[in-house]
Every structure is written in C-alpha cells, then in structure tokens.
>>> print(open('final-v2.cif').read())   # mmCIF, C-alpha atoms; chains and numbers go by the auth columns
data_start
loop_
_atom_site.group_PDB
_atom_site.id
_atom_site.type_symbol
_atom_site.label_atom_id
_atom_site.label_comp_id
_atom_site.label_asym_id
_atom_site.label_seq_id
_atom_site.Cartn_x
_atom_site.Cartn_y
_atom_site.Cartn_z
_atom_site.B_iso_or_equiv
_atom_site.auth_seq_id
_atom_site.auth_asym_id
ATOM 1 C CA MET A 1 -34.612 36.682 -70.695 0.00 7 A
ATOM 2 C CA VAL A 2 -33.944 34.627 -67.517 0.00 8 A
ATOM 3 C CA HIS A 3 -34.115 36.490 -64.197 0.00 9 A
ATOM 4 C CA ARG A 4 -31.055 36.257 -61.946 0.00 10 A
ATOM 5 C CA PRO A 5 -32.745 34.374 -59.003 0.00 11 A
ATOM 6 C CA GLN A 6 -34.172 31.794 -61.446 0.00 12 A
ATOM 7 C CA ARG A 7 -30.748 31.345 -63.044 0.00 13 A
ATOM 8 C CA ALA A 8 -29.087 30.963 -59.633 0.00 14 A
ATOM 9 C CA GLY A 9 -31.647 28.301 -58.712 0.00 15 A
ATOM 10 C CA ALA A 10 -31.040 26.420 -61.948 0.00 16 A
ATOM 11 C CA VAL A 11 -27.274 26.531 -61.368 0.00 17 A
ATOM 12 C CA SER A 12 -27.726 25.169 -57.809 0.00 18 A
ATOM 13 C CA ILE A 13 -29.862 22.306 -59.110 0.00 19 A
ATOM 14 C CA ALA A 14 -27.286 21.548 -61.821 0.00 20 A
ATOM 15 C CA TYR A 15 -24.483 21.432 -59.198 0.00 21 A
ATOM 16 C CA ALA A 16 -26.594 19.169 -56.923 0.00 22 A
ATOM 17 C CA LEU A 17 -27.288 16.786 -59.825 0.00 23 A
ATOM 18 C CA LEU A 18 -23.618 16.749 -60.787 0.00 24 A
ATOM 19 C CA ALA A 19 -22.597 16.006 -57.184 0.00 25 A
ATOM 20 C CA ALA A 20 -25.161 13.169 -56.994 0.00 26 A
ATOM 21 C CA LEU A 21 -23.834 11.761 -60.279 0.00 27 A
ATOM 22 C CA LEU A 22 -20.230 11.870 -59.044 0.00 28 A
ATOM 23 C CA LEU A 23 -21.182 10.155 -55.766 0.00 29 A
ATOM 24 C CA ALA A 24 -23.099 7.424 -57.634 0.00 30 A
ATOM 25 C CA LEU A 25 -20.098 6.955 -59.926 0.00 31 A
ATOM 26 C CA SER A 26 -17.801 6.640 -56.895 0.00 32 A
ATOM 27 C CA ALA A 27 -20.108 4.063 -55.267 0.00 33 A
ATOM 28 C CA TRP A 28 -20.110 2.052 -58.505 0.00 34 A
ATOM 29 C CA GLN A 29 -16.341 2.397 -58.896 0.00 35 A
ATOM 30 C CA ALA A 30 -15.801 1.189 -55.307 0.00 36 A
ATOM 31 C CA ARG A 31 -16.947 -2.303 -56.275 0.00 37 A
ATOM 32 C CA LEU A 32 -14.648 -2.598 -59.297 0.00 38 A
ATOM 33 C CA SER A 33 -11.186 -4.102 -59.308 0.00 39 A
ATOM 34 C CA ARG A 34 -8.183 -2.499 -60.951 0.00 40 A
ATOM 35 C CA GLN A 35 -8.066 -5.265 -63.584 0.00 41 A
ATOM 36 C CA SER A 36 -11.680 -4.876 -64.715 0.00 42 A
ATOM 37 C CA SER A 37 -12.307 -3.387 -68.139 0.00 43 A
ATOM 38 C CA SER A 38 -15.116 -1.284 -66.606 0.00 44 A
ATOM 39 C CA ALA A 39 -12.578 0.430 -64.347 0.00 45 A
ATOM 40 C CA HIS A 40 -10.254 1.040 -67.308 0.00 46 A
ATOM 41 C CA TRP A 41 -12.955 2.417 -69.589 0.00 47 A
ATOM 42 C CA SER A 42 -14.564 4.607 -66.930 0.00 48 A
ATOM 43 C CA VAL A 43 -11.283 6.192 -65.806 0.00 49 A
ATOM 44 C CA ALA A 44 -10.129 6.740 -69.403 0.00 50 A
ATOM 45 C CA LEU A 45 -13.507 8.242 -70.326 0.00 51 A
ATOM 46 C CA LEU A 46 -13.458 10.545 -67.297 0.00 52 A
ATOM 47 C CA VAL A 47 -9.970 11.815 -68.163 0.00 53 A
ATOM 48 C CA VAL A 48 -11.024 12.515 -71.765 0.00 54 A
ATOM 49 C CA THR A 49 -14.229 14.183 -70.503 0.00 55 A
ATOM 50 C CA ALA A 50 -12.209 16.350 -68.095 0.00 56 A
ATOM 51 C CA PHE A 51 -9.987 17.606 -70.928 0.00 57 A
ATOM 52 C CA GLY A 52 -13.042 18.234 -73.117 0.00 58 A
ATOM 53 C CA ALA A 53 -14.854 20.078 -70.323 0.00 59 A
ATOM 54 C CA ALA A 54 -11.744 22.152 -69.552 0.00 60 A
ATOM 55 C CA PHE A 55 -11.576 23.180 -73.209 0.00 61 A
ATOM 56 C CA VAL A 56 -15.300 24.018 -73.462 0.00 62 A
ATOM 57 C CA LEU A 57 -15.434 25.883 -70.136 0.00 63 A
ATOM 58 C CA GLY A 58 -12.152 27.658 -70.755 0.00 64 A
ATOM 59 C CA ARG A 59 -12.651 29.092 -74.232 0.00 65 A
ATOM 60 C CA GLY A 60 -12.103 32.812 -73.790 0.00 66 A
ATOM 61 C CA ARG A 61 -12.103 32.449 -70.004 0.00 67 A
ATOM 62 C CA GLN A 62 -8.473 31.586 -69.250 0.00 68 A
ATOM 63 C CA TYR A 63 -6.928 34.404 -67.202 0.00 69 A
ATOM 64 C CA GLN A 64 -3.523 34.465 -68.876 0.00 70 A
ATOM 65 C CA THR A 65 -2.041 33.290 -72.119 0.00 71 A
ATOM 66 C CA THR A 66 0.635 30.599 -71.807 0.00 72 A
ATOM 67 C CA ARG A 67 3.240 32.992 -73.177 0.00 73 A
ATOM 68 C CA PHE A 68 2.375 35.633 -70.561 0.00 74 A
ATOM 69 C CA TRP A 69 2.314 33.024 -67.763 0.00 75 A
ATOM 70 C CA VAL A 70 5.746 31.649 -68.727 0.00 76 A
ATOM 71 C CA ALA A 71 7.223 35.138 -69.154 0.00 77 A
ATOM 72 C CA ARG A 72 5.847 36.229 -65.780 0.00 78 A
ATOM 73 C CA ASN A 73 7.358 33.235 -63.998 0.00 79 A
ATOM 74 C CA LEU A 74 10.692 33.658 -65.757 0.00 80 A
ATOM 75 C CA ARG A 75 10.703 37.306 -64.698 0.00 81 A
ATOM 76 C CA PHE A 76 10.038 36.219 -61.108 0.00 82 A
ATOM 77 C CA LEU A 77 13.004 33.827 -61.243 0.00 83 A
ATOM 78 C CA GLN A 78 15.265 36.494 -62.758 0.00 84 A
ATOM 79 C CA THR A 79 14.282 39.123 -60.174 0.00 85 A
ATOM 80 C CA TRP A 80 13.957 36.902 -57.109 0.00 86 A
ATOM 81 C CA ARG A 81 16.381 39.076 -55.123 0.00 87 A
ATOM 82 C CA THR A 82 14.020 42.021 -55.362 0.00 88 A
ATOM 83 C CA GLN A 83 10.880 40.035 -54.445 0.00 89 A
ATOM 84 C CA SER A 84 9.519 40.027 -50.909 0.00 90 A
ATOM 85 C CA ARG A 85 11.206 37.535 -48.607 0.00 91 A
ATOM 86 C CA SER A 86 7.918 35.785 -47.709 0.00 92 A
ATOM 87 C CA VAL A 87 7.114 35.069 -51.374 0.00 93 A
ATOM 88 C CA VAL A 88 10.635 33.751 -52.082 0.00 94 A
ATOM 89 C CA VAL A 89 10.631 31.533 -48.971 0.00 95 A
ATOM 90 C CA SER A 90 7.145 30.213 -49.858 0.00 96 A
ATOM 91 C CA ALA A 91 8.139 29.431 -53.450 0.00 97 A
ATOM 92 C CA LEU A 92 11.291 27.680 -52.243 0.00 98 A
ATOM 93 C CA VAL A 93 9.479 25.534 -49.659 0.00 99 A
ATOM 94 C CA TRP A 94 6.715 24.580 -52.117 0.00 100 A
ATOM 95 C CA ALA A 95 9.312 23.668 -54.768 0.00 101 A
ATOM 96 C CA VAL A 96 11.285 21.538 -52.290 0.00 102 A
ATOM 97 C CA LEU A 97 8.191 19.737 -50.980 0.00 103 A
ATOM 98 C CA ILE A 98 6.563 19.050 -54.370 0.00 104 A
ATOM 99 C CA GLY A 99 9.913 18.254 -55.983 0.00 105 A
ATOM 100 C CA GLY A 100 10.854 16.028 -53.030 0.00 106 A
ATOM 101 C CA VAL A 101 7.673 13.960 -53.268 0.00 107 A
ATOM 102 C CA VAL A 102 7.941 13.576 -57.057 0.00 108 A
ATOM 103 C CA ALA A 103 11.689 12.828 -56.976 0.00 109 A
ATOM 104 C CA TRP A 104 11.472 10.285 -54.137 0.00 110 A
ATOM 105 C CA ASP A 105 8.532 8.547 -55.810 0.00 111 A
ATOM 106 C CA LEU A 106 10.539 8.328 -59.049 0.00 112 A
ATOM 107 C CA VAL A 107 13.600 6.965 -57.230 0.00 113 A
ATOM 108 C CA SER A 108 11.461 4.356 -55.442 0.00 114 A
ATOM 109 C CA PHE A 109 9.760 3.430 -58.726 0.00 115 A
ATOM 110 C CA VAL A 110 13.018 3.077 -60.655 0.00 116 A
ATOM 111 C CA PHE A 111 14.732 0.844 -58.051 0.00 117 A
ATOM 112 C CA GLN A 112 11.667 -1.407 -57.497 0.00 118 A
ATOM 113 C CA SER A 113 12.903 -2.534 -54.089 0.00 119 A
ATOM 114 C CA HIS A 114 10.967 -3.613 -50.986 0.00 120 A
ATOM 115 C CA ALA A 115 13.125 -1.178 -49.057 0.00 121 A
ATOM 116 C CA LEU A 116 11.863 1.710 -51.201 0.00 122 A
ATOM 117 C CA PRO A 117 8.058 1.645 -51.358 0.00 123 A
ATOM 118 C CA THR A 118 6.399 4.062 -53.780 0.00 124 A
ATOM 119 C CA LEU A 119 3.613 6.433 -52.797 0.00 125 A
ATOM 120 C CA SER A 120 1.114 4.293 -54.695 0.00 126 A
ATOM 121 C CA TYR A 121 2.173 1.310 -52.560 0.00 127 A
ATOM 122 C CA PHE A 122 0.762 3.109 -49.522 0.00 128 A
ATOM 123 C CA ILE A 123 -2.303 4.250 -51.480 0.00 129 A
ATOM 124 C CA GLY A 124 -2.804 0.600 -52.449 0.00 130 A
ATOM 125 C CA HIS A 125 -3.406 -0.187 -48.767 0.00 131 A
ATOM 126 C CA VAL A 126 -6.440 2.118 -48.957 0.00 132 A
ATOM 127 C CA THR A 127 -7.774 1.195 -52.400 0.00 133 A
ATOM 128 C CA ARG A 128 -7.747 -2.557 -51.728 0.00 134 A
ATOM 129 C CA TYR A 129 -10.924 -1.993 -49.667 0.00 135 A
ATOM 130 C CA ALA A 130 -14.154 -0.988 -51.410 0.00 136 A
ATOM 131 C CA VAL A 131 -14.797 1.905 -49.016 0.00 137 A
ATOM 132 C CA GLY A 132 -11.273 3.242 -49.434 0.00 138 A
ATOM 133 C CA ARG A 133 -11.413 2.893 -53.213 0.00 139 A
ATOM 134 C CA GLY A 134 -14.792 4.634 -53.371 0.00 140 A
ATOM 135 C CA LEU A 135 -13.751 7.524 -51.108 0.00 141 A
ATOM 136 C CA LEU A 136 -10.456 8.021 -52.928 0.00 142 A
ATOM 137 C CA PHE A 137 -12.254 7.930 -56.278 0.00 143 A
ATOM 138 C CA ALA A 138 -14.707 10.597 -55.055 0.00 144 A
ATOM 139 C CA ALA A 139 -11.750 12.724 -53.910 0.00 145 A
ATOM 140 C CA TRP A 140 -10.034 12.209 -57.285 0.00 146 A
ATOM 141 C CA LEU A 141 -13.207 13.303 -59.095 0.00 147 A
ATOM 142 C CA GLY A 142 -13.510 16.345 -56.832 0.00 148 A
ATOM 143 C CA VAL A 143 -9.927 17.389 -57.560 0.00 149 A
ATOM 144 C CA GLY A 144 -10.556 16.891 -61.285 0.00 150 A
ATOM 145 C CA ALA A 145 -13.718 19.024 -61.172 0.00 151 A
ATOM 146 C CA TYR A 146 -11.737 21.753 -59.397 0.00 152 A
ATOM 147 C CA LEU A 147 -8.901 21.628 -61.942 0.00 153 A
ATOM 148 C CA VAL A 148 -11.394 21.859 -64.810 0.00 154 A
ATOM 149 C CA SER A 149 -13.605 24.646 -63.494 0.00 155 A
ATOM 150 C CA ALA A 150 -11.605 26.793 -61.039 0.00 156 A
ATOM 151 C CA ARG A 151 -10.026 30.165 -61.842 0.00 157 A
ATOM 152 C CA ARG A 152 -12.125 31.088 -64.849 0.00 158 A
ATOM 153 C CA ALA A 153 -12.642 34.652 -65.947 0.00 159 A
ATOM 154 C CA GLU A 154 -16.212 35.923 -66.440 0.00 160 A
ATOM 155 C CA ARG A 155 -17.363 35.998 -70.045 0.00 161 A
ATOM 156 C CA PRO A 156 -17.693 39.548 -71.352 0.00 162 A
ATOM 157 C CA GLN A 157 -21.358 40.652 -71.367 0.00 163 A
ATOM 158 C CA MET B 1 3.425 -8.904 -35.397 0.00 6 B
ATOM 159 C CA MET B 2 4.988 -5.612 -36.428 0.00 7 B
ATOM 160 C CA SER B 3 6.713 -5.390 -39.784 0.00 8 B
ATOM 161 C CA ALA B 4 10.136 -3.736 -39.982 0.00 9 B
ATOM 162 C CA VAL B 5 10.194 -0.107 -41.054 0.00 10 B
ATOM 163 C CA VAL B 6 12.164 0.104 -44.283 0.00 11 B
ATOM 164 C CA PRO B 7 14.360 3.116 -45.184 0.00 12 B
ATOM 165 C CA GLY B 8 11.964 4.276 -47.903 0.00 13 B
ATOM 166 C CA THR B 9 9.123 4.495 -45.416 0.00 14 B
ATOM 167 C CA VAL B 10 11.235 6.689 -43.144 0.00 15 B
ATOM 168 C CA VAL B 11 11.739 9.148 -46.027 0.00 16 B
ATOM 169 C CA TRP B 12 7.993 9.171 -46.738 0.00 17 B
ATOM 170 C CA VAL B 13 7.216 9.833 -43.080 0.00 18 B
ATOM 171 C CA ALA B 14 9.753 12.671 -43.070 0.00 19 B
ATOM 172 C CA LEU B 15 8.166 14.174 -46.202 0.00 20 B
ATOM 173 C CA ALA B 16 4.671 13.851 -44.716 0.00 21 B
ATOM 174 C CA ALA B 17 5.842 15.464 -41.472 0.00 22 B
ATOM 175 C CA SER B 18 7.435 18.306 -43.476 0.00 23 B
ATOM 176 C CA VAL B 19 4.152 18.914 -45.282 0.00 24 B
ATOM 177 C CA VAL B 20 2.236 18.965 -41.972 0.00 25 B
ATOM 178 C CA VAL B 21 4.760 21.378 -40.412 0.00 26 B
ATOM 179 C CA TRP B 22 4.628 23.624 -43.485 0.00 27 B
ATOM 180 C CA LEU B 23 0.800 23.693 -43.445 0.00 28 B
ATOM 181 C CA GLY B 24 0.980 24.564 -39.741 0.00 29 B
ATOM 182 C CA VAL B 25 3.406 27.411 -40.448 0.00 30 B
ATOM 183 C CA LEU B 26 1.108 28.650 -43.222 0.00 31 B
ATOM 184 C CA ALA B 27 -1.877 28.597 -40.869 0.00 32 B
ATOM 185 C CA LEU B 28 0.048 30.669 -38.317 0.00 33 B
ATOM 186 C CA SER B 29 1.452 33.117 -40.882 0.00 34 B
ATOM 187 C CA ALA B 30 -1.933 34.860 -41.327 0.00 35 B
ATOM 188 C CA GLY B 31 -1.610 35.184 -45.101 0.00 36 B
ATOM 189 C CA ARG B 32 1.965 36.512 -45.201 0.00 37 B
ATOM 190 C CA LEU B 33 3.267 33.289 -46.786 0.00 38 B
ATOM 191 C CA VAL B 34 1.912 31.764 -50.002 0.00 39 B
ATOM 192 C CA GLY B 35 -0.506 28.949 -49.133 0.00 40 B
ATOM 193 C CA PRO B 36 -2.441 26.400 -51.211 0.00 41 B
ATOM 194 C CA ARG B 37 -5.157 28.971 -51.980 0.00 42 B
ATOM 195 C CA ARG B 38 -2.621 30.948 -53.998 0.00 43 B
ATOM 196 C CA VAL B 39 -0.588 28.005 -55.310 0.00 44 B
ATOM 197 C CA MET B 40 -3.512 26.233 -57.004 0.00 45 B
ATOM 198 C CA PRO B 41 -4.683 29.345 -58.915 0.00 46 B
ATOM 199 C CA TRP B 42 -1.061 29.762 -60.044 0.00 47 B
ATOM 200 C CA PHE B 43 -1.160 26.236 -61.518 0.00 48 B
ATOM 201 C CA LEU B 44 -4.460 27.038 -63.253 0.00 49 B
ATOM 202 C CA GLY B 45 -3.312 30.421 -64.563 0.00 50 B
ATOM 203 C CA SER B 46 -2.603 29.366 -68.153 0.00 51 B
ATOM 204 C CA TRP B 47 -3.684 26.735 -70.645 0.00 52 B
ATOM 205 C CA LEU B 48 -0.286 25.031 -70.546 0.00 53 B
ATOM 206 C CA SER B 49 -0.068 24.731 -66.754 0.00 54 B
ATOM 207 C CA ARG B 50 -3.735 23.673 -66.504 0.00 55 B
ATOM 208 C CA ALA B 51 -3.239 21.005 -69.191 0.00 56 B
ATOM 209 C CA LEU B 52 -0.088 19.712 -67.457 0.00 57 B
ATOM 210 C CA ILE B 53 -1.726 19.419 -64.054 0.00 58 B
ATOM 211 C CA LEU B 54 -4.810 17.795 -65.618 0.00 59 B
ATOM 212 C CA ALA B 55 -2.524 15.285 -67.337 0.00 60 B
ATOM 213 C CA ALA B 56 -0.856 14.538 -63.978 0.00 61 B
ATOM 214 C CA TRP B 57 -4.320 14.127 -62.430 0.00 62 B
ATOM 215 C CA GLY B 58 -5.363 11.716 -65.177 0.00 63 B
ATOM 216 C CA ALA B 59 -2.148 9.691 -64.951 0.00 64 B
ATOM 217 C CA ALA B 60 -2.502 9.455 -61.162 0.00 65 B
ATOM 218 C CA GLY B 61 -6.098 8.245 -61.526 0.00 66 B
ATOM 219 C CA TRP B 62 -5.130 5.632 -64.087 0.00 67 B
ATOM 220 C CA HIS B 63 -2.240 4.414 -61.930 0.00 68 B
ATOM 221 C CA ILE B 64 -4.219 4.280 -58.683 0.00 69 B
ATOM 222 C CA PHE B 65 -7.518 2.856 -59.956 0.00 70 B
ATOM 223 C CA CYS B 66 -6.366 0.706 -62.879 0.00 71 B
ATOM 224 C CA GLN B 67 -2.865 -0.489 -61.993 0.00 72 B
ATOM 225 C CA ARG B 68 -2.229 -0.528 -58.227 0.00 73 B
ATOM 226 C CA PRO B 69 -3.936 -3.001 -55.811 0.00 74 B
#
>>> encode(input="final-v2.cif", output="structure tokens")
Amino acid sequence: MVHRPQRAGAVSIAYALLAALLLALSAWQARLSRQSSSAHWSVALLVVTAFGAAFVLGRGRQYQTTRFWVARNLRFLQTWRTQSRSVVVSALVWAVLIGGVVAWDLVSFVFQSHALPTLSYFIGHVTRYAVGRGLLFAAWLGVGAYLVSARRAERPQ
Amino acid sequence: MMSAVVPGTVVWVALAASVVVWLGVLALSAGRLVGPRRVMPWFLGSWLSRALILAAWGAAGWHIFCQRP
C-alpha cells in the first residue's frame, strides 16, 4: 500500500517530468519547418497520442454520457425562456463570438483573397520565427494536455 | 512603409476587440455570467464533445505547424 504523501510526491515528479518533456519537444519543434517530415510525423503522432491518452484516462471517468449531454443541451435550448437571463445572454454571446470567428475564417479561406486574410495568415507571422513557433507549439501542447485530462471524475474506490 | 489595411483585417480586429470587451465584462460580472471556466468544462462534459474539440485541436495543430508559414 502506498501512503498518500508518497503518492502525491510521485505525482508531482511525474508532472514535472512531463512538463520538461513538453518544453524539450517545443524547443526541438521550434527549429523545424512546416515542410519537414519530422514536423509532420511529430504533430501526427502527438494528435494520435492525445486521442489514446484521452481514451485511457477517460475510461469510466467521463462525467456524462453523450446521450445525456445532448439531451441536456437540447432541453436548455427548448426551455431557454425559463432560464436565468445571465445564462442565456452568456450562451448567446459565446455562440456569436465562437461562431463569428469560425464563420469569418471559413469565408476568408473559401474566397482566397488578399483582401480577406485567414486567421492562420496572422498566426503565420508568429510561426515564421523559431521563438514564435516554439512558444505557440508549447501553448498548443498545453491546450491539448488540458483537453485530454481536465474534467475527469474520480475513480470509484 | 505601412501596408494598407484590408477589409478582412478590419473584421478580425473587430472580432478581437469583441472578445476583449466580453472578457472584460466577464471579469466585472463577478461570476454572474458564464465565463471560460464554465465553458471549457461544458465542452469536456461528454465523450462526443471532448472528441470533437480534440479533433479541432489536432486539425489546428496540423494546419499551423505543418501547412502555414
């Protein structure tokens, strides 16, 4: 049996090692170009690893079933008049902002015009430099780690 | 030399300003409005939504680090 303080220490060390690994990966990635096969393989491998890790970490630890989640959101949409005003306003603003960014990026992508730059055009101004590419890659990895591990239920004892 | 600001850039600046204003409003609302700390858990609430947002994350990474300059 492992005592709780020992387990907490081991978890801290594991997180520190993982953070060091992600930083080293970002520093390596910073020197790659978008055309290099190393960049392609590493990004593809990381995406596959993220899905695998999400599956392994999430078995029996996902808060809601998909059916329940969909039904709950549909019920919210059907009963929006009875919801609190702050929640409805928040949902509306988030939907407009996220939808606006996605829609405008799609429009800009479809027309392929110099007058309509895409979001990735601006990001390209950052990633053309090694420092920018490395920092953005570290941020991308951090977001991925959050999406894989956050909001997990405790395993039943 | 300054380059001309194209119409698409104006829309992006407007969207970015809207996001900044909204985050400011959220900060001042003292938890009454739904902020990113409640939106992200909503996205991660089910397998389907988590898989979809992970797919978007992966596609964004591929596009940014393997396709764009």
>>> residues_around(input="final-v2.cif", residues="Phe61 (chain A)", least_positions_apart="5", cutoff="10 Å", atoms="only C-alpha atoms", output="list of chain:residue names")
A:Thr55, A:Ala56, A:Gly66, A:Arg67, A:Gln68, A:Val154, B:Trp52, B:Ala56
>>> residues_around(input="final-v2.cif", residues="region 97-100 of chain A", least_positions_apart="5", cutoff="9 Å", atoms="only C-alpha atoms", output="ChimeraX atom specification")
/A:92,105 /B:27,39-40,44
>>> write_last_selection(input="final-v2.cif", atoms="C-alpha atoms", output="PDB file, keeping the file's coordinate frame")
ATOM      1  CA  SER A  92       7.918  35.785 -47.709  1.00  0.00           C
ATOM      2  CA  GLY A 105       9.913  18.254 -55.983  1.00  0.00           C
TER       3      GLY A 105
ATOM      4  CA  TRP B  27       4.628  23.624 -43.485  1.00  0.00           C
ATOM      5  CA  VAL B  39       1.912  31.764 -50.002  1.00  0.00           C
ATOM      6  CA  GLY B  40      -0.506  28.949 -49.133  1.00  0.00           C
ATOM      7  CA  VAL B  44      -0.588  28.005 -55.310  1.00  0.00           C
TER       8      VAL B  44
END
>>> resolve_selection(input="final-v2.cif", expression="the PyMOL selection byres ((chain A) within 8 of (chain B))", output="ChimeraX atom specification")
/A:39-42,45-46,49-50,53,56-57,68-72,75,92-93,95-97,103,106-107,114,120-123,125-127,129-131,133-134,139,143,146,150,153-154,156-157
>>> atom_distance(input="final-v2.cif", atom1="CA of Trp47 (chain A)", atom2="CA of Leu112 (chain A)")
26.4 Å
>>> atom_distance(input="final-v2.cif", atom1="CA of Ala14 (chain A)", atom2="CA of Leu27 (chain A)")
19.9 Å
>>> atom_distance(input="final-v2.cif", atom1="CA of Val17 (chain A)", atom2="CA of Val62 (chain A)")
17.2 Å
>>> resolve_selection(input="final-v2.cif", expression="the PyMOL selection byres ((chain A and resi 29) around 10)", output="PyMOL selection string")
chain A and resi 23-28+30-35+140-141+143-145+147-148
>>> write_last_selection(input="final-v2.cif", atoms="C-alpha atoms", output="tab-separated table (two decimals), in the coordinates of the input")
chain	number	residue	atom	x	y	z
A	23	LEU	CA	-27.29	16.79	-59.82
A	24	LEU	CA	-23.62	16.75	-60.79
A	25	ALA	CA	-22.60	16.01	-57.18
A	26	ALA	CA	-25.16	13.17	-56.99
A	27	LEU	CA	-23.83	11.76	-60.28
A	28	LEU	CA	-20.23	11.87	-59.04
A	30	ALA	CA	-23.10	7.42	-57.63
A	31	LEU	CA	-20.10	6.96	-59.93
A	32	SER	CA	-17.80	6.64	-56.90
A	33	ALA	CA	-20.11	4.06	-55.27
A	34	TRP	CA	-20.11	2.05	-58.50
A	35	GLN	CA	-16.34	2.40	-58.90
A	140	GLY	CA	-14.79	4.63	-53.37
A	141	LEU	CA	-13.75	7.52	-51.11
A	143	PHE	CA	-12.25	7.93	-56.28
A	144	ALA	CA	-14.71	10.60	-55.06
A	145	ALA	CA	-11.75	12.72	-53.91
A	147	LEU	CA	-13.21	13.30	-59.10
A	148	GLY	CA	-13.51	16.34	-56.83
>>> axis_aligned_box(input="final-v2.cif", around="region 94-109 of chain A", padding_each_side="6 Å", output="AutoDock Vina command-line options")
--center_x 9.1 --center_y 23.3 --center_z -53.0 --size_x 17.1 --size_y 32.9 --size_z 20.1
